[in-house]
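Colleague: So that you have it, the file is work_22.csv, and it contains CSV, C-alpha atoms:
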chain,number,residue,atom,x,y,z
N,1,MET,CA,-8.2,-4.0,95.8
N,2,LYS,CA,-9.5,-6.1,98.7
N,3,ARG,CA,-13.0,-4.8,98.1
N,4,ILE,CA,-12.7,-5.8,94.4
N,5,SER,CA,-11.5,-9.3,95.3
N,6,CYS,CA,-14.4,-9.8,97.8
N,7,LEU,CA,-16.9,-8.6,95.3
N,8,LEU,CA,-15.4,-10.8,92.6
N,9,GLY,CA,-15.7,-13.8,94.9
N,10,LEU,CA,-19.3,-12.9,95.7
N,11,PHE,CA,-20.1,-12.4,92.0
N,12,LEU,CA,-18.6,-15.8,91.0
N,13,SER,CA,-20.6,-17.5,93.7
N,14,LEU,CA,-23.7,-15.8,92.5
N,15,SER,CA,-22.9,-16.6,88.9
N,16,ALA,CA,-22.5,-20.3,89.7
N,17,PHE,CA,-25.8,-20.2,91.5
N,18,ALA,CA,-27.4,-18.6,88.4
N,19,GLN,CA,-26.0,-21.3,86.1
N,20,SER,CA,-27.4,-24.0,88.3
N,21,ASN,CA,-30.8,-22.5,88.3
N,22,VAL,CA,-31.3,-21.7,84.7
N,23,SER,CA,-34.1,-24.2,84.2
N,24,SER,CA,-36.0,-23.7,87.4
N,25,ALA,CA,-39.8,-23.7,87.3
N,26,THR,CA,-40.1,-19.9,87.6
N,27,ASP,CA,-37.8,-19.3,84.6
N,28,THR,CA,-40.1,-19.2,81.7
N,29,ILE,CA,-40.2,-16.8,78.8
N,30,THR,CA,-43.7,-15.9,79.7
N,31,SER,CA,-42.6,-14.5,83.1
N,32,PRO,CA,-44.4,-11.3,83.9
N,33,ILE,CA,-41.0,-9.7,84.5
N,34,PHE,CA,-40.4,-9.5,80.8
N,35,SER,CA,-43.4,-7.3,80.3
N,36,LYS,CA,-41.9,-4.7,82.6
N,37,LYS,CA,-39.6,-2.6,80.5
N,38,ASN,CA,-38.1,-0.1,83.0
N,39,GLU,CA,-35.9,-0.4,86.1
N,40,ILE,CA,-34.6,2.1,88.6
N,41,LYS,CA,-31.9,1.3,91.1
N,42,VAL,CA,-29.9,2.9,93.9
N,43,ASP,CA,-26.3,1.8,94.5
N,44,VAL,CA,-26.0,0.9,98.2
N,45,LEU,CA,-22.3,-0.3,97.9
N,46,ASN,CA,-21.0,3.1,96.7
N,47,LEU,CA,-23.3,4.9,99.1
N,48,ILE,CA,-22.1,3.2,102.2
N,49,GLY,CA,-18.5,2.4,101.1
N,50,ASN,CA,-17.5,5.6,99.2
N,51,GLY,CA,-20.1,8.2,100.1
N,52,ARG,CA,-21.2,8.3,96.5
N,53,LEU,CA,-24.8,8.6,95.5
N,54,GLY,CA,-25.5,6.4,92.6
N,55,ILE,CA,-28.8,6.1,90.7
N,56,SER,CA,-29.4,4.0,87.6
N,57,TYR,CA,-32.2,3.7,85.1
N,58,GLU,CA,-32.3,0.7,82.8
N,59,ARG,CA,-34.6,0.2,79.8
N,60,PHE,CA,-35.2,-3.3,78.5
N,61,LEU,CA,-35.3,-3.5,74.7
N,62,ASN,CA,-36.0,-7.2,74.5
N,63,LYS,CA,-35.2,-10.4,76.4
N,64,ASP,CA,-31.5,-10.1,75.5
N,65,PHE,CA,-30.6,-6.4,75.4
N,66,SER,CA,-31.1,-3.5,77.6
N,67,VAL,CA,-29.6,0.0,77.8
N,68,GLY,CA,-29.2,2.2,80.8
N,69,ILE,CA,-27.5,5.1,82.5
N,70,THR,CA,-25.9,5.5,85.9
N,71,GLY,CA,-25.1,8.7,87.7
N,72,LEU,CA,-22.6,8.8,90.5
N,73,ALA,CA,-21.9,11.9,92.6
N,74,PHE,CA,-19.3,12.1,95.3
N,75,ASN,CA,-20.3,13.8,98.5
N,76,LYS,CA,-18.1,13.0,101.4
N,77,SER,CA,-16.6,16.1,102.9
N,78,ASN,CA,-13.9,14.5,105.1
N,79,LYS,CA,-12.5,12.7,102.1
N,80,LYS,CA,-12.3,15.9,100.1
N,81,GLU,CA,-10.5,17.6,103.0
N,82,ASP,CA,-8.0,14.8,103.3
N,83,PHE,CA,-7.3,14.7,99.6
N,84,LEU,CA,-4.4,17.1,99.7
N,85,LYS,CA,-2.8,15.1,102.5
N,86,ASP,CA,-3.4,11.5,101.5
N,87,ASP,CA,-1.4,9.4,99.0
N,88,THR,CA,-4.0,9.2,96.3
N,89,ARG,CA,-3.3,11.1,93.1
N,90,THR,CA,-6.8,11.6,91.9
N,91,MET,CA,-10.3,11.9,93.3
N,92,ILE,CA,-13.3,11.2,91.2
N,93,GLU,CA,-16.2,13.5,92.0
N,94,TYR,CA,-18.8,12.5,89.4
N,95,GLN,CA,-19.4,9.7,86.9
N,96,VAL,CA,-22.1,9.4,84.2
N,97,ILE,CA,-22.2,5.9,82.8
N,98,PRO,CA,-24.3,5.0,79.8
N,99,TYR,CA,-24.3,1.3,79.2
N,100,VAL,CA,-25.6,-1.6,77.1
N,101,ARG,CA,-26.2,-5.0,78.6
N,102,TYR,CA,-26.6,-8.4,77.1
N,103,ALA,CA,-28.3,-11.1,79.2
N,104,MET,CA,-26.2,-14.2,79.3
N,105,SER,CA,-28.9,-16.5,80.7
N,106,LYS,CA,-32.5,-16.7,79.7
N,107,SER,CA,-33.9,-16.9,83.2
N,108,ALA,CA,-36.3,-14.1,84.1
N,109,THR,CA,-35.7,-14.2,87.8
N,110,ASN,CA,-31.9,-14.6,88.0
N,111,LEU,CA,-29.4,-14.0,85.3
N,112,TYR,CA,-26.0,-12.7,84.7
N,113,TYR,CA,-25.0,-10.3,82.0
N,114,LEU,CA,-22.2,-8.7,80.1
N,115,GLU,CA,-22.0,-5.0,79.9
N,116,ALA,CA,-20.2,-2.5,77.7
N,117,PHE,CA,-20.1,1.0,79.1
N,118,SER,CA,-18.6,4.4,78.7
N,119,ASN,CA,-17.8,6.5,81.7
N,120,ILE,CA,-17.9,10.3,81.6
N,121,ASN,CA,-16.0,11.2,84.8
N,122,GLY,CA,-14.4,14.2,86.4
N,123,GLY,CA,-12.8,15.3,89.6
N,124,GLN,CA,-9.5,16.5,90.9
N,125,TYR,CA,-5.9,15.5,90.7
N,126,LYS,CA,-2.8,16.5,92.6
N,127,GLU,CA,0.5,17.8,91.2
N,128,LEU,CA,3.6,19.5,92.6
N,129,LYS,CA,4.0,23.2,91.9
N,130,THR,CA,7.1,25.2,92.4
N,131,LEU,CA,6.5,28.7,93.7
N,132,ASN,CA,9.0,31.5,94.4
N,133,ASN,CA,8.8,33.9,97.4
N,134,GLY,CA,11.4,36.3,96.0
N,135,ALA,CA,14.4,34.7,97.8
N,136,ALA,CA,14.0,31.0,97.0
N,137,ASP,CA,11.8,28.4,95.4
N,138,TYR,CA,9.5,26.2,97.4
N,139,VAL,CA,7.3,23.3,96.3
N,140,VAL,CA,3.7,22.8,97.3
N,141,VAL,CA,1.0,20.3,96.5
N,142,THR,CA,-1.8,21.7,94.4
N,143,LYS,CA,-5.1,20.3,93.1
N,144,LYS,CA,-6.6,20.8,89.7
N,145,ASP,CA,-9.8,19.7,87.9
N,146,TYR,CA,-10.0,17.0,85.2
N,147,ASN,CA,-12.6,15.6,83.0
N,148,ASP,CA,-12.3,12.4,80.9
N,149,ILE,CA,-14.2,9.6,79.1
N,150,ALA,CA,-13.5,6.0,79.7
N,151,LEU,CA,-14.6,2.9,77.8
N,152,GLY,CA,-14.9,-0.4,79.6
N,153,ALA,CA,-16.7,-3.7,80.2
N,154,ALA,CA,-18.3,-5.4,83.1
N,155,VAL,CA,-20.1,-8.5,84.2
N,156,GLY,CA,-23.0,-8.6,86.5
N,157,TYR,CA,-25.7,-10.6,88.2
N,158,LYS,CA,-29.3,-9.9,88.8
N,159,LEU,CA,-31.8,-11.5,91.2
N,160,TYR,CA,-35.5,-10.6,91.1
N,161,PHE,CA,-37.9,-10.9,94.0
N,162,LYS,CA,-41.7,-10.7,93.7
N,163,GLU,CA,-41.3,-10.0,90.0
N,164,SER,CA,-40.4,-6.4,90.7
N,165,PHE,CA,-37.6,-5.9,93.2
N,166,VAL,CA,-34.0,-6.5,92.1
N,167,ILE,CA,-30.5,-6.9,93.5
N,168,ASP,CA,-28.0,-6.1,90.8
N,169,LEU,CA,-24.3,-6.7,91.3
N,170,THR,CA,-21.9,-5.2,88.7
N,171,VAL,CA,-18.1,-5.6,88.5
N,172,GLY,CA,-16.0,-4.1,85.7
N,173,ILE,CA,-13.3,-1.8,84.7
N,174,GLY,CA,-12.8,0.9,82.1
N,175,LYS,CA,-9.9,2.9,80.7
N,176,ASN,CA,-9.8,6.6,80.5
N,177,LEU,CA,-8.9,7.8,77.0
N,178,PHE,CA,-8.2,11.4,76.7
N,179,ASN,CA,-6.6,13.1,79.7
N,180,SER,CA,-3.3,12.0,81.1
N,181,ASP,CA,-4.1,13.6,84.4
N,182,SER,CA,-7.2,11.6,85.0
N,183,PRO,CA,-7.1,8.1,86.7
N,184,SER,CA,-5.8,5.7,84.1
N,185,THR,CA,-8.7,3.3,84.9
N,186,VAL,CA,-12.1,3.6,86.5
N,187,SER,CA,-13.7,0.7,88.3
N,188,ARG,CA,-17.3,-0.2,87.7
N,189,LEU,CA,-18.5,-1.6,91.0
N,190,GLY,CA,-22.0,-1.5,92.2
N,191,LEU,CA,-24.5,-3.3,94.4
N,192,ASN,CA,-27.8,-1.9,93.4
N,193,LEU,CA,-31.2,-2.3,94.9
N,194,GLY,CA,-34.0,-1.5,92.5
N,195,TYR,CA,-37.5,-1.8,91.3
N,196,ARG,CA,-38.7,-2.9,87.9
N,197,PHE,CA,-42.0,-1.6,86.4
U,198,MET,CA,-23.1,-20.2,73.3
U,199,LYS,CA,-22.1,-21.5,76.7
U,200,LYS,CA,-18.6,-21.8,75.5
U,201,TYR,CA,-18.5,-18.1,74.5
U,202,ILE,CA,-19.9,-17.2,77.9
U,203,HIS,CA,-17.1,-18.9,79.7
U,204,TYR,CA,-14.4,-17.4,77.4
U,205,LEU,CA,-15.8,-13.9,77.8
U,206,THR,CA,-16.1,-14.3,81.6
U,207,ILE,CA,-12.5,-15.4,81.9
U,208,ALA,CA,-11.3,-12.6,79.7
U,209,ILE,CA,-13.2,-10.0,81.7
U,210,ILE,CA,-12.0,-11.4,85.1
U,211,THR,CA,-8.4,-11.3,83.7
U,212,LEU,CA,-8.9,-7.7,82.6
U,213,LEU,CA,-10.2,-6.9,86.1
U,214,PHE,CA,-7.2,-8.2,87.9
U,215,THR,CA,-4.8,-6.7,85.5
U,216,GLY,CA,-6.4,-3.3,85.9
U,217,CYS,CA,-6.4,-3.5,89.7
U,218,THR,CA,-2.7,-4.3,89.8
U,219,GLU,CA,-1.7,-1.7,87.2
U,220,SER,CA,-3.6,1.4,88.1
U,221,ASP,CA,-3.9,2.1,91.8
U,222,ASP,CA,-3.1,5.7,91.4
U,223,GLU,CA,-0.7,6.8,94.1
U,224,PHE,CA,0.8,10.3,94.7
U,225,PHE,CA,4.2,10.7,96.2
U,226,ALA,CA,4.7,14.4,97.1
U,227,THR,CA,8.4,14.2,96.8
U,228,LYS,CA,11.0,16.7,95.5
U,229,ALA,CA,14.4,15.1,94.8
U,230,VAL,CA,17.6,17.2,94.4
U,231,THR,CA,21.3,16.4,94.0
U,232,VAL,CA,23.9,18.2,96.0
U,233,ASN,CA,27.3,16.5,96.4
U,234,ASN,CA,29.5,16.3,99.5
U,235,LYS,CA,26.9,17.0,102.2
U,236,ILE,CA,27.9,14.1,104.5
U,237,GLU,CA,31.4,13.9,106.0
U,238,VAL,CA,33.1,11.0,107.8
U,239,SER,CA,36.6,11.0,109.4
U,240,ALA,CA,38.4,8.7,111.8
U,241,SER,CA,41.0,10.0,114.2
U,242,GLY,CA,42.5,8.1,117.1
U,243,ASN,CA,39.6,6.1,118.5
U,244,VAL,CA,36.9,8.5,117.4
U,245,LEU,CA,34.8,8.3,114.3
U,246,ASN,CA,33.3,11.7,113.4
U,247,VAL,CA,30.2,11.9,111.2
U,248,SER,CA,28.8,15.3,110.2
U,249,CYS,CA,26.2,16.7,107.9
U,250,ASN,CA,25.3,20.4,107.6
U,251,PHE,CA,23.4,22.2,104.9
U,252,ASP,CA,21.6,25.5,104.4
U,253,ARG,CA,17.9,25.8,104.7
U,254,ILE,CA,18.1,27.8,101.5
U,255,LEU,CA,19.7,25.0,99.5
U,256,ASN,CA,21.6,25.8,96.2
U,257,TYR,CA,21.2,22.7,94.1
U,258,GLY,CA,22.1,23.9,90.6
U,259,SER,CA,18.8,25.4,89.6
U,260,ASP,CA,18.3,29.1,88.8
U,261,ALA,CA,16.8,29.7,92.3
U,262,PRO,CA,17.7,27.9,95.5
U,263,LEU,CA,15.2,25.7,97.3
U,264,ASP,CA,13.7,26.7,100.6
U,265,LEU,CA,13.7,23.4,102.4
U,266,PHE,CA,11.7,24.5,105.4
U,267,LEU,CA,9.0,26.2,103.4
U,268,THR,CA,8.7,23.2,101.2
U,269,THR,CA,8.7,20.5,103.9
U,270,THR,CA,7.8,22.3,107.1
U,271,ALA,CA,10.3,19.9,108.6
U,272,ARG,CA,12.7,21.0,111.4
U,273,ALA,CA,14.7,17.9,110.9
U,274,PHE,CA,16.2,15.8,108.1
U,275,PHE,CA,17.9,12.4,108.4
U,276,PHE,CA,20.2,9.9,106.7
U,277,ASN,CA,21.2,6.4,107.7
U,278,TYR,CA,24.6,4.8,108.1
U,279,SER,CA,25.7,1.5,109.6
U,280,MET,CA,28.9,0.2,111.1
U,281,GLN,CA,30.7,-3.1,110.8
U,282,LYS,CA,33.6,-4.6,112.7
U,283,ARG,CA,35.9,-7.3,111.5
U,284,ASN,CA,35.9,-10.3,113.8
U,285,ALA,CA,38.8,-12.7,114.6
U,286,SER,CA,38.1,-14.8,111.5
U,287,GLY,CA,38.3,-11.7,109.3
U,288,THR,CA,34.6,-11.5,108.6
U,289,TRP,CA,32.7,-8.2,108.8
U,290,GLU,CA,29.9,-8.2,111.4
U,291,ASN,CA,27.3,-5.6,112.0
U,292,TYR,CA,28.4,-3.4,114.9
U,293,ILE,CA,26.2,-1.2,117.1
U,294,PRO,CA,28.3,1.5,118.8
U,295,THR,CA,27.6,2.1,122.5
U,296,THR,CA,29.4,5.4,123.0
U,297,ILE,CA,27.9,7.8,120.6
U,298,THR,CA,27.7,11.5,121.3
U,299,ALA,CA,25.8,14.0,119.3
U,300,THR,CA,27.1,17.6,119.6
U,301,LYS,CA,24.6,18.9,117.0
U,302,GLY,CA,21.5,17.1,116.0
U,303,ASP,CA,20.5,13.7,117.3
U,304,ASN,CA,20.8,9.9,116.7
U,305,PHE,CA,18.4,7.1,116.6
U,306,VAL,CA,20.5,3.9,117.1
U,307,GLY,CA,19.3,0.5,116.1
U,308,SER,CA,20.8,-2.1,113.8
U,309,TYR,CA,21.8,1.1,111.9
U,310,ILE,CA,22.2,4.7,112.9
U,311,SER,CA,19.8,7.4,111.8
U,312,GLY,CA,21.6,10.7,112.0
U,313,ILE,CA,19.2,13.6,112.5
U,314,GLN,CA,20.0,17.1,111.2
U,315,GLN,CA,18.1,19.7,113.2
U,316,LEU,CA,17.3,23.2,112.1
U,317,ASP,CA,19.3,25.7,114.2
U,318,ALA,CA,17.8,28.5,116.3
U,319,LEU,CA,18.1,31.0,113.6
U,320,ASP,CA,16.3,28.8,111.1
U,321,THR,CA,19.2,29.0,108.7
U,322,THR,CA,21.1,25.7,108.8
U,323,TYR,CA,20.3,22.0,109.4
U,324,GLU,CA,23.1,20.7,111.6
U,325,TYR,CA,24.4,17.3,112.6
U,326,ASN,CA,27.7,16.3,114.2
U,327,THR,CA,28.4,13.1,116.1
U,328,ASP,CA,31.4,11.5,117.7
U,329,ILE,CA,31.5,7.7,118.0
U,330,THR,CA,34.2,6.4,120.4
U,331,LEU,CA,35.5,2.9,119.5
U,332,SER,CA,37.6,0.1,121.1
U,333,PRO,CA,40.6,-1.2,119.1
U,334,GLY,CA,39.8,-3.1,116.0
U,335,GLN,CA,39.1,-2.8,112.3
U,336,TYR,CA,35.9,-0.9,111.4
U,337,ARG,CA,33.9,0.0,108.3
U,338,VAL,CA,31.2,2.7,108.1
U,339,VAL,CA,28.7,2.4,105.3
U,340,VAL,CA,26.7,5.6,104.5
U,341,GLU,CA,23.4,5.8,102.7
U,342,PRO,CA,24.0,9.1,100.8
U,343,ARG,CA,20.4,10.2,100.8
U,344,ILE,CA,19.1,12.9,103.2
U,345,VAL,CA,15.4,12.9,103.7
U,346,SER,CA,13.0,15.4,105.4
U,347,LEU,CA,11.5,14.0,108.6
U,348,ASP,CA,7.8,14.2,109.5
U,349,SER,CA,6.6,16.0,106.4
U,350,GLN,CA,3.7,13.7,105.6
U,351,ASP,CA,1.1,16.4,105.0
U,352,VAL,CA,3.3,18.5,102.6
U,353,VAL,CA,6.2,17.7,100.3
U,354,THR,CA,9.1,15.4,101.2
U,355,VAL,CA,12.5,16.5,100.0
U,356,ILE,CA,15.2,14.0,99.2
U,357,ILE,CA,18.8,15.3,98.9
U,358,ASN,CA,20.9,12.8,97.0
U,359,THR,CA,24.5,13.5,98.0
U,360,THR,CA,28.0,12.0,98.3
U,361,THR,CA,30.2,11.4,101.3
U,362,VAL,CA,33.4,13.3,101.9
U,363,GLY,CA,36.1,11.1,103.4
U,364,ALA,CA,34.7,7.8,102.0
U,365,VAL,CA,35.2,6.0,98.8
U,366,ASN,CA,31.8,5.0,97.3
U,367,ASN,CA,30.3,6.0,100.7
U,368,ILE,CA,32.3,3.4,102.6
U,369,LEU,CA,35.2,4.2,105.0
U,370,GLU,CA,37.4,1.5,106.4
U,371,PHE,CA,39.7,2.4,109.3
U,372,THR,CA,41.6,0.8,112.2
U,373,VAL,CA,41.6,1.8,115.8
U,374,ASN,CA,44.7,0.8,117.6
As structure tokens, how would this structure be written, given the file I've shared?

Modeller:
Amino acid sequence: MKRISCLLGLFLSLSAFAQSNVSSATDTITSPIFSKKNEIKVDVLNLIGNGRLGISYERFLNKDFSVGITGLAFNKSNKKEDFLKDDTRTMIEYQVIPYVRYAMSKSATNLYYLEAFSNINGGQYKELKTLNNGAADYVVVTKKDYNDIALGAAVGYKLYFKESFVIDLTVGIGKNLFNSDSPSTVSRLGLNLGYRF
Amino acid sequence: MKKYIHYLTIAIITLLFTGCTESDDEFFATKAVTVNNKIEVSASGNVLNVSCNFDRILNYGSDAPLDLFLTTTARAFFFNYSMQKRNASGTWENYIPTTITATKGDNFVGSYISGIQQLDALDTTYEYNTDITLSPGQYRVVVEPRIVSLDSQDVVTVIINTTTVGAVNNILEFTVN
């Protein structure tokens, strides 16, 4: 929650900055950035904060719209070991996130955008299970696998350097639709560093 | 267009905050059962006796009893109670007893008393028995009728909802002469 609030604050600051710079000299529709249609990114926020490896690919359809896909894989062994003991109910192990983005500002070098995404996610959840040893019942915590699909929305901000390198901040949330054992919502948080070509 | 941007931004930020407050998934590994009359209080002379004893294999109305130790791995359970004494103007004031003797189990005494039921040497019964010696006056003991396993963070916590024998609505008023 604290992390989300900090990111939101950062995002709002960056958004304000983007708005104030919409008409700067470098922001022209003839910017060479527009001729580059592909972008790959690595999510440093999830990598450092959550031990999740996140890689994204984005394809620019025109000046306004782009489509992309993000893959996030969880790989932090100590968190997996603590899962049975901690007070979280679910642990997301993977996420595949196809998305569509609409650029809200026409600047080539810094812009913010709206995003609609789906999130195919899976992992583990905990539940109590009653066993019997022949004399009496006893209750244990067990973990089981889940898979689900979420739909959601996000806002984000992009800043380009040297017409190829990008910082991409995304904040959003989605709701899982099909499995009552999955997390009811999934966050869409990312601070990506990438390259456009 | 700018107007729509602002509307959409506000809507999404609202959605974000709503989502954060609603769905922080938490898991409480807790098994709650109800077994009446597991706590007893009685006053005799200048001594208040408080006791609480229950089997490790607890019958709670289900088809099979519940093994408390196997479920919680806890060698102790606890419940809380507090004492009040009526002052000269007739008002009940919180009272912290000074002479408190546990013959079985243990006590943690602060603004209220935590009575600790300990598993006996045979691993069959959780036991607690305490005598509180009081000076003359009017007293009231208020029992929280909920017995909870102690130190079972890594496994399942058991809560035994119960009632108190010797107290009306878990409150006993008595006078020490």

Colleague: Please check the contacts: residues of chain U at most 6 Å away from chain N, using all atoms listed in the file, listed as a ChimeraX atom specification.

Modeller: /U:222-224,261-264,268,351

Colleague: Find the residues around Val353 (chain U) up to 6 Å (all atoms listed in the file counted), leave out those fewer than 2 positions away in its own chain, and share them as JSON, numbers by chain.

Modeller: {"U": [226, 227, 269]}

Colleague: Which residues are close to Pro342 (chain U), i.e. within 10 Å by only C-alpha atoms, leaving aside same-chain residues fewer than 3 positions away? Reply as a ChimeraX atom specification.

Modeller: /U:233-236,276-278,339,345,357-361,366-367

Colleague: Take the selection from the previous step and output its residues with C-alpha atoms, as a short mmCIF file (atom, residue, chain, number, x, y, z; two decimals), in the frame of the given file.

Modeller:
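Printed below is again-v7.cif as written:
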data_model
loop_
_atom_site.label_atom_id
_atom_site.label_comp_id
_atom_site.auth_asym_id
_atom_site.auth_seq_id
_atom_site.Cartn_x
_atom_site.Cartn_y
_atom_site.Cartn_z
CA ASN U 233 27.30 16.50 96.40
CA ASN U 234 29.50 16.30 99.50
CA LYS U 235 26.90 17.00 102.20
CA ILE U 236 27.90 14.10 104.50
CA PHE U 276 20.20 9.90 106.70
CA ASN U 277 21.20 6.40 107.70
CA TYR U 278 24.60 4.80 108.10
CA VAL U 339 28.70 2.40 105.30
CA VAL U 345 15.40 12.90 103.70
CA ILE U 357 18.80 15.30 98.90
CA ASN U 358 20.90 12.80 97.00
CA THR U 359 24.50 13.50 98.00
CA THR U 360 28.00 12.00 98.30
CA THR U 361 30.20 11.40 101.30
CA ASN U 366 31.80 5.00 97.30
CA ASN U 367 30.30 6.00 100.70
#

Colleague: Nearest residue to Asp348 (chain U) out of U:Lys228, U:Val247, U:Phe274, U:Asp328, using all atoms listed in the file?

Modeller: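 Of the candidates, the smallest distance to Asp348 (chain U) is held by U:Phe274.
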
Colleague: Give me, please, the distance in Å between CA of Thr372 (chain U) and CA of Val338 (chain U), quoted to one decimal.

Modeller: 11.3 Å

Colleague: Looking at U:Val232, U:Leu347, U:Val373, U:Ala285, which one is nearest to Ser259 (chain U), with distances taken over all atoms listed in the file?

Modeller: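 Once distances to Ser259 (chain U) are computed over all atoms listed in the file, the minimum belongs to U:Val232.
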
Colleague: What is the CA of Arg337 (chain U)-CA of Glu324 (chain U) distance in Å, reported with one decimal?

Modeller: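 Going from CA of Arg337 (chain U) over to CA of Glu324 (chain U), I get 23.6 Å.
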
Colleague: Tell me, as a list in words, which residues lie within 8 Å of Leu169 (chain N), counting all atoms listed in the file; anything in the same chain fewer than 6 positions away does not count.

Modeller: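 Result of the neighbour search: Phe11, Gly156, Tyr157, Lys158, Leu189, Gly190, Leu191 and Asn192 of chain N.
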
Colleague: Just checking: using all atoms listed in the file, which residue out of N:Ile167, N:Ala73, N:Leu177, N:Leu53 ends up closest to Glu39 (chain N)?

Modeller: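 For Glu39 (chain N), the nearest of the candidates is N:Ile167.
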
Colleague: Hey, which of U:Arg272, U:Trp289, U:Asn246, U:Ile356 ends up closest to Leu319 (chain U)? Count all atoms listed in the file.

Modeller: U:Arg272

Colleague: Could you pull out every residue with an atom within 12 Å of (-44.8, -1.6, 91.0), file coordinates, counting only C-alpha atoms, and send them as number ranges by chain?

Modeller: N: 33, 36-40, 161-166, 194-197

Colleague: In Å, how far is it from CA of Gly71 (chain N) to CA of Asp145 (chain N)?

Modeller: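 Going from CA of Gly71 (chain N) over to CA of Asp145 (chain N), I get 18.8 Å.
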
Colleague: Would you mind exporting region 105-116 of chain N with N, CA and C atoms, as a CSV table (one decimal), in the first residue's frame?

Modeller:
chain,number,residue,atom,x,y,z
N,105,SER,N,-0.8,12.3,-24.6
N,105,SER,CA,-0.1,13.5,-25.0
N,105,SER,C,0.6,13.2,-26.3
N,106,LYS,N,0.7,14.3,-27.1
N,106,LYS,CA,1.3,14.0,-28.5
N,106,LYS,C,2.8,14.2,-28.5
N,107,SER,N,3.4,14.4,-27.4
N,107,SER,CA,4.9,14.6,-27.3
N,107,SER,C,5.5,13.3,-27.7
N,108,ALA,N,6.6,13.4,-28.4
N,108,ALA,CA,7.4,12.2,-28.7
N,108,ALA,C,8.3,11.7,-27.6
N,109,THR,N,8.8,12.7,-26.8
N,109,THR,CA,9.9,12.4,-25.9
N,109,THR,C,9.4,12.2,-24.5
N,110,ASN,N,8.3,12.8,-24.1
N,110,ASN,CA,7.7,12.4,-22.8
N,110,ASN,C,6.1,12.5,-22.9
N,111,LEU,N,5.5,11.5,-22.4
N,111,LEU,CA,4.1,11.4,-22.6
N,111,LEU,C,3.5,10.5,-21.5
N,112,TYR,N,2.2,10.7,-21.3
N,112,TYR,CA,1.5,9.8,-20.5
N,112,TYR,C,0.4,9.1,-21.2
N,113,TYR,N,0.0,8.0,-20.7
N,113,TYR,CA,-0.9,7.1,-21.5
N,113,TYR,C,-1.9,6.4,-20.6
N,114,LEU,N,-3.0,6.0,-21.2
N,114,LEU,CA,-3.9,5.1,-20.6
N,114,LEU,C,-3.8,3.7,-21.1
N,115,GLU,N,-4.0,2.7,-20.3
N,115,GLU,CA,-3.8,1.4,-20.7
N,115,GLU,C,-4.9,0.5,-20.3
N,116,ALA,N,-5.4,-0.4,-21.2
N,116,ALA,CA,-6.3,-1.5,-20.8
N,116,ALA,C,-5.5,-2.8,-20.9
